[in-house]
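Report on one structure; see the data block that follows.
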Amino acid sequence: MADRTSGRARCVCSGRLFVAAQGALVLAQTTSNTYLVSMLTTLERRFSLSSMQLGLISSSFEIGNLLPILFVSYFGARGHRPRLIGCGGIIMALGTLLTALPEFLSHQYQPQTKQSLRLSAISQQDLCQHNETGPPWWDTTPVSSARECHDGNLKGTQTRLYLILVGAQILVGIGATPVQPLGFSFIDDHVTKKESPFYFGILFTIMLLGPTVGFMLGSLFTRIYVDALFIDTSQLDFTMDDPRWIGAWWAGFLLCAAMLFLFSMFMFGFPRSLPTAPPSPSPLPTPMQNYYSMPEAEPHGPAGPLPISGPASAGTISETDLEPVQMMRNGSLTLTTETESTETPSVCDQLRAIPGETLAILSNPVFTCVVLSGCVEVAAVASFSSFLSKFLESQFGLTATFANQIIGLAVVPSACLGIFLGGVLMRWFSLNSLGASRFTIIVSILSISIMTPLIYFGCGTGPVAGLNSHYPTVYNLSNGEWPIGEQAPCNMECGCESSASKLLCGADGLTYLSPCYAGCIHLNLSMCLCVDGGAGELGASAVSGKCPNPECQSFFLPFIGLLCVSVIFGFSNQTPSFMLSIRSVKAELKSYALGLIFLLSRLLGFIPAPLISGWAIDLTCLVWPERCGSASGNNRGACALYDYTTFRKVFVGFTLGLKLLALCLYVSVQVFLLARPGRYSMEDKPDELTLVRRRVSKFVYNVGDQELCETVETVL
């Protein structure tokens, strides 16, 4: 009965089952991470954040992941890896739960509707009437925000909520530390080298299926009003197409936290190590069979050496002869050598060994160049994905819901397809290190070539009165038009504030910075003194929002099409480059090398890229509205209007520059492999397991029984 139970346990706890459990946890992790990205523009408007602040939130996960990753990957390889992965998943669930906390600690979201009690203040502050102050009708801060802005209470509250978001994501990053390095090394240790690229390709594909689910969740919850549980949404006088609409961003984090906790529980059911092969009847003769399959039995009988019977053998097998297969039991093989020490190194000894092992790994130029190229690729992906939704919303006038749908249904599946194809092609053609290096160069060139035209697929900001366009030519001076500036004769007496809060689209096709600058004197925007109604008539109407540019819509489909093709080629090099890196280090340093890869990818890729790109995007902003209570230090809210041409060049150009740098590093890998093909790759060098197998084969052939030799080699 004990043997049957042990057999069932070995059957259940297989490498494939662990891949499934690891894939489920990775799916929940990537879903949670990508859901945050899909909600960045919502958080931007909810808490009045700048693009650089959004970049810090996006990088906080990587900051937390960076802190313990070397120690976890180094010492975790010597511990119970599945349990460590499960504990990390529980910590991720806690951090994801805390990410939703700011919504419940902040004031209830109160967009000022036209039925608000503040109508009189609105007409005095925001329309064309000076000497009166008050918050605008589109302001989303509480009624008392004007007073709180002076004493700093609201500003301090918003800052604390922002810090909670950052801290929660750092906690999620800490929990995610053991998931990937320990999971990948655990799989690579328990599957064949031929199958490992295929399983890695599956996991990499799941890592991008998670973003598909995350963006679709973002699209779903942006359709639900943020306070749908507390108010009757049927009483709202605006829809989700209105800029005042805020989706239920917090609900998705609660769902992701539940998924992380559930899938983490599965990891506690796996043993410390898995059998390398399923149990099967032993073809060995009786003496060796007893030694092989019964660990509790004595290895030899009391009479001394074991006899072996066969047609061509009359010899005996001594205890010394059986040393190569000493630990070959229960379907697994534990390697032992004569020089192996029985003493466990102390923690201090292991810490002192870290610098030397790090230097040994980084001294391999192939490994270093591959890892650096991966870091640059990661930086490109991190910066592009963090602000792609924002780019689509501003450049093509999409809603947050539709932008998330496009990313989740088109862009992310393209990345999944690219990664999966890379793994399949590498396995199909049995690419060695040199072939994998050539593959990465080819697909990188194709990806860059296809992405380059995206810089020109877009449109400009359009005419904005007072910024890049004159006010209507009705106000001509003696020698020409009124000079470009925020003020004009039609609004000079309105007492407008220097910052714009809400853009208006006039009937004349011009975008105005605010109702005051448009000279509007009625709340329904039906009488705006600066808006030209045609034939020299003033006082035409306006509507909320920037004037649409029909040319932008014509660029949308070509932009998405080229982007998806470029993504397919760009992501197809992930599996080959990953295999290049882990096959260029010794087997005993593989787990630590994986931790080093994830450390450098976060230190050089995930963390700085969103911050730098967010800062660069902020530089393209034309109109910064002031928001009392903003989390930023200067009460500056979310950007109201970008220079779309500059935004597009910065957004796409930054990604292209990083991909060009990665291409140069891939070429360097090819050069090193061609110069010293046998030095920088470990794939053709026999590991310790192979050497032991050779010793076993030699021992069996020395016995003299050819049939027994063939049988043992089949088992091995």
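Going through the structure tokens in order, the chains are called A, B, and so on, while each chain numbers its residues from 1 and the ligands are numbered from 1 in the order shown.
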
> Thr646 of chain A: which residues within 9 Å, counting only C-alpha atoms, same-chain residues fewer than 4 positions away excluded, as a list in words?
Replying inline: Gly460, Ile617, Thr620, Tyr642, Val650 and Phe651 of chain A

> Distance atom CA of Val412 of chain A-atom CA of Val567 of chain A, one decimal place?
Replying inline: 8.6 Å

>> Excluding Gly462 of chain A and its own-chain neighbours fewer than 6 positions away, which residues fall within 9 Å of it when counting only C-alpha atoms? Please give them as a VMD selection string.
In response: chain A and resid 468 to 469 510 to 511 547 to 549 644

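Contact shell of Gly86 of chain A at 8 Å (only C-alpha atoms; same-chain neighbours under 6 positions omitted): A:Ser264, A:Met265, A:Phe266, A:Met267, A:Phe268.
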
Residues at most 10 Å from segment 363-367 of chain A, counting only C-alpha atoms, excluding those fewer than 3 positions away in the same chain, as a tab-separated table (two decimals) with C-alpha atoms, in the first residue's frame?
chain	number	residue	atom	x	y	z
A	357	GLU	CA	29.88	33.92	-8.30
A	358	THR	CA	28.49	37.20	-9.60
A	359	LEU	CA	31.86	38.08	-11.12
A	360	ALA	CA	32.15	34.62	-12.64
A	370	VAL	CA	22.29	39.03	-23.74
A	371	VAL	CA	21.14	40.22	-20.32
A	372	LEU	CA	21.83	43.87	-21.15
A	373	SER	CA	19.94	43.55	-24.42
A	433	SER	CA	23.38	29.34	-29.33
A	437	SER	CA	21.67	34.69	-31.77
A	577	SER	CA	17.43	35.28	-25.82
A	578	PHE	CA	16.36	33.77	-22.51
A	580	LEU	CA	20.96	32.06	-24.65
A	581	SER	CA	21.44	33.52	-21.19
A	582	ILE	CA	20.78	30.42	-19.09
A	583	ARG	CA	22.77	28.14	-21.42
A	584	SER	CA	25.83	30.35	-21.10
A	585	VAL	CA	26.31	29.64	-17.36
A	593	ALA	CA	21.99	33.61	-12.80
A	597	ILE	CA	18.74	38.45	-14.80
A	665	LEU	CA	23.95	44.20	-28.15
A	666	TYR	CA	22.51	41.21	-30.04
A	668	SER	CA	27.80	41.79	-30.06
A	669	VAL	CA	26.57	38.38	-28.88
A	670	GLN	CA	26.92	37.05	-32.41
A	671	VAL	CA	30.47	38.39	-32.64
A	672	PHE	CA	31.53	36.72	-29.36
A	673	LEU	CA	29.98	33.39	-30.33
A	679	ARG	CA	33.92	28.93	-24.70
A	680	TYR	CA	30.85	31.02	-23.94
A	681	SER	CA	28.14	28.34	-24.29

At a cut-off of 12 Å, using only C-alpha atoms, what residues contact Arg83 of chain A? Leave out same-chain residues fewer than 3 positions from it and give the result as a compact mmCIF listing (two decimals) with C-alpha atoms, in the first residue's frame.
# COMPACT_ATOMS: atom_id res chain seq x y z
CA GLN A 22 3.08 28.01 -11.97
CA GLY A 76 15.80 30.00 -2.29
CA ALA A 77 17.44 27.44 -4.56
CA GLY A 79 15.17 25.74 0.23
CA HIS A 80 11.67 24.46 -0.46
CA GLY A 86 3.28 30.10 -2.39
CA CYS A 87 4.29 32.50 0.40
CA GLY A 88 5.20 35.11 -2.19
CA GLY A 89 1.78 34.75 -3.78
CA ILE A 90 0.06 35.43 -0.46
CA PRO A 178 10.35 34.17 -5.67
CA VAL A 179 7.69 33.38 -8.28
CA LEU A 182 12.53 29.90 -8.40
CA GLY A 183 9.72 28.68 -10.61
CA PHE A 186 12.55 24.43 -10.54
CA SER A 264 -0.92 30.46 -4.19
CA MET A 265 -2.51 27.67 -2.16
CA PHE A 266 -1.74 25.13 -4.89
CA MET A 267 2.00 25.61 -4.44
CA PHE A 268 1.95 24.21 -0.91
CA GLY A 269 1.00 20.78 -2.28
CA PHE A 270 4.28 20.19 -4.13
CA PRO A 271 7.31 18.45 -2.60
CA ARG A 272 10.77 19.87 -2.36
CA SER A 273 11.81 18.05 -5.55

Spatial neighbours of Gly422 of chain A, 10 Å, only C-alpha atoms, chain gap at least 2 places, as a short mmCIF file (atom, residue, chain, number, x, y, z; two decimals) with C-alpha atoms, in the first residue's frame:
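Final file, out_35.cif:
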data_model
loop_
_atom_site.label_atom_id
_atom_site.label_comp_id
_atom_site.auth_asym_id
_atom_site.auth_seq_id
_atom_site.Cartn_x
_atom_site.Cartn_y
_atom_site.Cartn_z
CA PRO A 197 12.34 25.70 -24.14
CA PHE A 198 8.81 24.52 -24.92
CA GLY A 201 7.60 29.32 -24.14
CA CYS A 416 1.68 36.33 -26.99
CA LEU A 417 1.85 35.04 -30.55
CA GLY A 418 5.38 36.38 -30.95
CA ILE A 419 6.67 34.74 -27.78
CA PHE A 420 5.00 31.43 -28.56
CA VAL A 424 8.17 26.83 -31.19
CA LEU A 425 10.65 27.84 -33.89
CA MET A 426 13.59 27.36 -31.57
CA ARG A 427 12.40 23.85 -30.75
CA TRP A 428 11.41 23.05 -34.33
CA ALA A 436 19.41 31.64 -31.58
CA PHE A 439 17.33 34.67 -34.93
CA THR A 440 17.25 37.54 -32.40
CA VAL A 443 13.51 39.64 -35.80
CA ILE A 568 4.96 39.96 -33.09
CA PHE A 569 8.51 40.21 -34.41
CA GLY A 570 9.79 42.07 -31.36
CA PHE A 571 8.52 39.53 -28.84
CA SER A 572 9.53 36.45 -30.82
CA ASN A 573 13.11 36.89 -29.59
CA GLN A 574 12.19 36.52 -25.91
CA THR A 575 12.53 32.75 -25.63
CA PRO A 576 15.73 32.49 -27.75
CA SER A 577 17.43 35.28 -25.82
#
